[in-house]
Amino acid sequence: MTVVTLEELRTNKTRESLYILIHGKVYNVTKFLDEHPGGDEVILAETGQDATEAFEDVGHSDEARALLPDMLVGEFEQGSELKLKSGAAEAQAKRVANAVEQGSNLMYFVPLGLLGAYFGWRYYTGMA
């Protein structure tokens, strides 16, 4: 597999040739710029750096992830001065925190909804 250097990554950040780094792999997303649902500005903002965190924060679909292998240029060089972010771990932690937060909201609203439905049922069936 081709090894992409930091210099190559930073050189290829124009609309004519655009490389992006996600999870230690470099992808040529030039042809995808116009098709990106979030607009080209989103991708252009992440060029020349590790875009793993931005990619994971958005919560890309399986379909979006399936497009990546066709755009793969190669692995990013090891020991580069660009510090790779462990975006996957950070994104997973955020997803867990969001799930806990959503779960805690449900913890209040589901029982209240059930209680309201129960009393409504009793009222309308004349059991009160």
# chains A, B, ... in the order shown; residues from 1 in each chain; ligands from 1
>>> residues_around(residues="Thr47 (chain A)", least_positions_apart="4", cutoff="10 Å", atoms="only C-alpha atoms", output="PDB file with N, CA, C and O atoms, in the first residue's frame")
ATOM      1  N   LEU A   9       0.014  15.259   1.780  1.00  0.00           N
ATOM      2  CA  LEU A   9      -1.307  15.555   2.319  1.00  0.00           C
ATOM      3  C   LEU A   9      -1.586  17.050   2.252  1.00  0.00           C
ATOM      4  O   LEU A   9      -2.657  17.471   1.836  1.00  0.00           O
ATOM      5  N   ARG A  10      -0.613  17.845   2.642  1.00  0.00           N
ATOM      6  CA  ARG A  10      -0.798  19.303   2.667  1.00  0.00           C
ATOM      7  C   ARG A  10      -0.730  19.916   1.271  1.00  0.00           C
ATOM      8  O   ARG A  10      -1.296  20.985   1.050  1.00  0.00           O
ATOM      9  N   THR A  11      -0.056  19.270   0.339  1.00  0.00           N
ATOM     10  CA  THR A  11       0.015  19.768  -1.034  1.00  0.00           C
ATOM     11  C   THR A  11      -1.311  19.560  -1.752  1.00  0.00           C
ATOM     12  O   THR A  11      -1.722  20.392  -2.562  1.00  0.00           O
ATOM     13  N   ASN A  12      -1.975  18.456  -1.473  1.00  0.00           N
ATOM     14  CA  ASN A  12      -3.225  18.112  -2.146  1.00  0.00           C
ATOM     15  C   ASN A  12      -4.432  18.615  -1.370  1.00  0.00           C
ATOM     16  O   ASN A  12      -5.213  17.836  -0.829  1.00  0.00           O
ATOM     17  N   LYS A  13      -4.575  19.934  -1.326  1.00  0.00           N
ATOM     18  CA  LYS A  13      -5.727  20.494  -0.622  1.00  0.00           C
ATOM     19  C   LYS A  13      -6.399  21.598  -1.433  1.00  0.00           C
ATOM     20  O   LYS A  13      -6.853  22.596  -0.915  1.00  0.00           O
ATOM     21  N   THR A  14      -6.462  21.354  -2.735  1.00  0.00           N
ATOM     22  CA  THR A  14      -7.161  22.282  -3.622  1.00  0.00           C
ATOM     23  C   THR A  14      -8.351  21.542  -4.229  1.00  0.00           C
ATOM     24  O   THR A  14      -8.439  20.313  -4.152  1.00  0.00           O
ATOM     25  N   LEU A  18      -7.728  16.907  -3.863  1.00  0.00           N
ATOM     26  CA  LEU A  18      -8.045  17.074  -2.450  1.00  0.00           C
ATOM     27  C   LEU A  18      -7.902  15.751  -1.700  1.00  0.00           C
ATOM     28  O   LEU A  18      -8.636  14.804  -1.954  1.00  0.00           O
ATOM     29  N   TYR A  19      -6.934  15.715  -0.780  1.00  0.00           N
ATOM     30  CA  TYR A  19      -6.725  14.546   0.062  1.00  0.00           C
ATOM     31  C   TYR A  19      -7.243  14.863   1.455  1.00  0.00           C
ATOM     32  O   TYR A  19      -7.106  15.978   1.942  1.00  0.00           O
ATOM     33  N   ILE A  20      -7.794  13.846   2.092  1.00  0.00           N
ATOM     34  CA  ILE A  20      -8.273  14.011   3.462  1.00  0.00           C
ATOM     35  C   ILE A  20      -7.834  12.796   4.279  1.00  0.00           C
ATOM     36  O   ILE A  20      -7.775  11.681   3.770  1.00  0.00           O
ATOM     37  N   LEU A  21      -7.486  13.012   5.533  1.00  0.00           N
ATOM     38  CA  LEU A  21      -6.961  11.967   6.413  1.00  0.00           C
ATOM     39  C   LEU A  21      -8.019  11.560   7.427  1.00  0.00           C
ATOM     40  O   LEU A  21      -8.515  12.387   8.194  1.00  0.00           O
ATOM     41  N   VAL A  42     -17.443  21.869   4.088  1.00  0.00           N
ATOM     42  CA  VAL A  42     -17.193  20.999   5.235  1.00  0.00           C
ATOM     43  C   VAL A  42     -15.916  20.185   5.016  1.00  0.00           C
ATOM     44  O   VAL A  42     -15.077  20.064   5.916  1.00  0.00           O
ATOM     45  N   ILE A  43     -15.765  19.655   3.817  1.00  0.00           N
ATOM     46  CA  ILE A  43     -14.570  18.860   3.501  1.00  0.00           C
ATOM     47  C   ILE A  43     -13.352  19.769   3.385  1.00  0.00           C
ATOM     48  O   ILE A  43     -12.280  19.460   3.914  1.00  0.00           O
ATOM     49  N   ALA A  51      -8.763  14.535   9.940  1.00  0.00           N
ATOM     50  CA  ALA A  51     -10.198  14.848   9.913  1.00  0.00           C
ATOM     51  C   ALA A  51     -11.033  13.764  10.574  1.00  0.00           C
ATOM     52  O   ALA A  51     -12.252  13.752  10.443  1.00  0.00           O
TER      53      ALA A  51
END
>>> residues_around(residues="region 63-65 of chain A", least_positions_apart="5", cutoff="12 Å", atoms="only C-alpha atoms", output="ChimeraX atom specification")
/A:22-23,27,32,35-38,55-56,58,70-72
>>> write_last_selection(atoms="C-alpha atoms", output="PDB file, in the first residue's frame")
ATOM      1  CA  ILE A  22      -9.368   9.723   8.329  1.00  0.00           C
ATOM      2  CA  HIS A  23      -8.308   6.996  10.782  1.00  0.00           C
ATOM      3  CA  TYR A  27      -8.465   9.473   0.720  1.00  0.00           C
ATOM      4  CA  PHE A  32     -16.853  13.619  -4.255  1.00  0.00           C
ATOM      5  CA  GLU A  35     -21.767  15.263  -4.267  1.00  0.00           C
ATOM      6  CA  HIS A  36     -21.156  15.692  -0.523  1.00  0.00           C
ATOM      7  CA  PRO A  37     -24.544  16.228   1.179  1.00  0.00           C
ATOM      8  CA  GLY A  38     -23.044  18.629   3.727  1.00  0.00           C
ATOM      9  CA  PHE A  55     -15.847  12.663  10.277  1.00  0.00           C
ATOM     10  CA  GLU A  56     -16.981  10.714  13.336  1.00  0.00           C
ATOM     11  CA  VAL A  58     -21.154  13.923  12.099  1.00  0.00           C
ATOM     12  CA  ASP A  70     -12.843   3.479  -3.638  1.00  0.00           C
ATOM     13  CA  MET A  71     -11.215   6.810  -2.726  1.00  0.00           C
ATOM     14  CA  LEU A  72      -8.283   5.325  -0.753  1.00  0.00           C
TER      15      LEU A  72
END
>>> atom_distance(atom1="CA of Glu16 (chain A)", atom2="CA of Ala54 (chain A)")
22.0 Å
>>> closest_residue(among="A:Phe119, A:Tyr124, A:Phe76, A:Tyr108", to="Val26 (chain A)", atoms="only C-alpha atoms")
A:Phe76
>>> atom_distance(atom1="CA of Ala66 (chain A)", atom2="CA of Val3 (chain A)")
21.6 Å
>>> closest_residue(among="A:Gln49, A:Gly59, A:Gly74, A:Glu41", to="Val4 (chain A)", atoms="only C-alpha atoms")
A:Gly74
>>> select_by_dssp(residues="region 24-83 of chain A", states="alpha helix (DSSP H)", output="list in words")
Asp40, Glu41, Val42, Ile43, Leu44, Thr52, Glu53, Ala54, Phe55, Glu56, Asp57, Val58, Asp62, Glu63, Ala64, Arg65, Ala66, Leu67, Leu68, Pro69, Asp70 and Met71 of chain A
>>> closest_residue(among="A:Leu115, A:Met107, A:Val73, A:Leu67", to="Gly24 (chain A)", atoms="only C-alpha atoms")
A:Val73
>>> decode(residues="region 49-78 of chain A", atoms="N, CA, C and O atoms", output="compact mmCIF listing (two decimals), in the first residue's frame")
# COMPACT_ATOMS: atom_id res chain seq x y z
N GLN A 49 -5.05 18.08 7.58
CA GLN A 49 -5.00 17.71 9.00
C GLN A 49 -5.76 16.41 9.20
O GLN A 49 -6.37 15.90 8.29
N ASP A 50 -5.73 15.92 10.41
CA ASP A 50 -6.47 14.70 10.73
C ASP A 50 -7.95 15.05 10.86
O ASP A 50 -8.36 15.77 11.76
N ALA A 51 -8.76 14.53 9.94
CA ALA A 51 -10.20 14.85 9.91
C ALA A 51 -11.03 13.76 10.57
O ALA A 51 -12.25 13.75 10.44
N THR A 52 -10.40 12.85 11.29
CA THR A 52 -11.11 11.73 11.90
C THR A 52 -12.22 12.19 12.84
O THR A 52 -13.35 11.72 12.77
N GLU A 53 -11.89 13.13 13.71
CA GLU A 53 -12.87 13.59 14.70
C GLU A 53 -14.07 14.24 14.02
O GLU A 53 -15.22 13.97 14.37
N ALA A 54 -13.81 15.09 13.04
CA ALA A 54 -14.90 15.75 12.31
C ALA A 54 -15.77 14.72 11.59
O ALA A 54 -16.99 14.82 11.58
N PHE A 55 -15.12 13.71 11.00
CA PHE A 55 -15.85 12.66 10.28
C PHE A 55 -16.75 11.87 11.22
O PHE A 55 -17.90 11.60 10.93
N GLU A 56 -16.22 11.52 12.38
CA GLU A 56 -16.98 10.71 13.34
C GLU A 56 -18.06 11.53 14.06
O GLU A 56 -19.12 11.00 14.38
N ASP A 57 -17.79 12.80 14.31
CA ASP A 57 -18.76 13.64 15.02
C ASP A 57 -20.07 13.78 14.24
O ASP A 57 -21.13 13.90 14.84
N VAL A 58 -19.97 13.76 12.93
CA VAL A 58 -21.15 13.92 12.10
C VAL A 58 -22.02 12.66 12.13
O VAL A 58 -23.23 12.73 11.97
N GLY A 59 -21.39 11.52 12.38
CA GLY A 59 -22.15 10.27 12.41
C GLY A 59 -22.50 9.80 11.02
O GLY A 59 -23.67 9.59 10.69
N HIS A 60 -21.50 9.64 10.16
CA HIS A 60 -21.73 9.21 8.79
C HIS A 60 -22.39 7.84 8.74
O HIS A 60 -22.12 6.97 9.55
N SER A 61 -23.23 7.66 7.76
CA SER A 61 -23.97 6.41 7.58
C SER A 61 -23.06 5.30 7.06
O SER A 61 -21.93 5.56 6.61
N ASP A 62 -23.56 4.07 7.08
CA ASP A 62 -22.81 2.94 6.53
C ASP A 62 -22.59 3.13 5.03
O ASP A 62 -21.56 2.73 4.50
N GLU A 63 -23.56 3.74 4.37
CA GLU A 63 -23.44 3.99 2.93
C GLU A 63 -22.28 4.95 2.66
O GLU A 63 -21.52 4.77 1.71
N ALA A 64 -22.15 5.98 3.50
CA ALA A 64 -21.06 6.94 3.33
C ALA A 64 -19.71 6.25 3.58
O ALA A 64 -18.75 6.48 2.85
N ARG A 65 -19.65 5.41 4.58
CA ARG A 65 -18.41 4.70 4.89
C ARG A 65 -18.04 3.71 3.78
O ARG A 65 -16.87 3.45 3.54
N ALA A 66 -19.05 3.18 3.10
CA ALA A 66 -18.81 2.23 2.02
C ALA A 66 -18.16 2.90 0.81
O ALA A 66 -17.53 2.22 -0.02
N LEU A 67 -18.27 4.21 0.70
CA LEU A 67 -17.65 4.94 -0.40
C LEU A 67 -16.14 5.12 -0.21
O LEU A 67 -15.42 5.32 -1.18
N LEU A 68 -15.68 5.07 1.02
CA LEU A 68 -14.27 5.36 1.32
C LEU A 68 -13.26 4.45 0.61
O LEU A 68 -12.27 4.96 0.08
N PRO A 69 -13.44 3.13 0.59
CA PRO A 69 -12.41 2.29 -0.03
C PRO A 69 -12.10 2.64 -1.49
O PRO A 69 -10.95 2.53 -1.92
N ASP A 70 -13.08 3.10 -2.24
CA ASP A 70 -12.84 3.48 -3.64
C ASP A 70 -12.02 4.75 -3.75
O ASP A 70 -11.41 5.00 -4.80
N MET A 71 -11.96 5.55 -2.70
CA MET A 71 -11.22 6.81 -2.73
C MET A 71 -9.85 6.69 -2.04
O MET A 71 -9.11 7.67 -1.98
N LEU A 72 -9.52 5.51 -1.52
CA LEU A 72 -8.28 5.32 -0.75
C LEU A 72 -7.04 5.57 -1.61
O LEU A 72 -6.91 5.02 -2.70
N VAL A 73 -6.15 6.42 -1.10
CA VAL A 73 -4.87 6.68 -1.74
C VAL A 73 -3.81 5.80 -1.09
O VAL A 73 -3.00 5.18 -1.76
N GLY A 74 -3.80 5.75 0.25
CA GLY A 74 -2.83 4.95 0.97
C GLY A 74 -2.84 5.25 2.46
O GLY A 74 -3.66 6.00 2.96
N GLU A 75 -1.89 4.64 3.14
CA GLU A 75 -1.72 4.85 4.58
C GLU A 75 -0.93 6.13 4.82
O GLU A 75 -0.07 6.48 4.03
N PHE A 76 -1.24 6.81 5.92
CA PHE A 76 -0.48 8.00 6.29
C PHE A 76 0.83 7.57 6.92
O PHE A 76 0.88 6.57 7.65
N GLU A 77 1.89 8.32 6.65
CA GLU A 77 3.22 7.95 7.15
C GLU A 77 3.25 7.89 8.68
O GLU A 77 2.67 8.73 9.36
N GLN A 78 3.92 6.89 9.20
CA GLN A 78 4.10 6.75 10.64
C GLN A 78 5.17 7.73 11.11
O GLN A 78 6.12 8.00 10.40
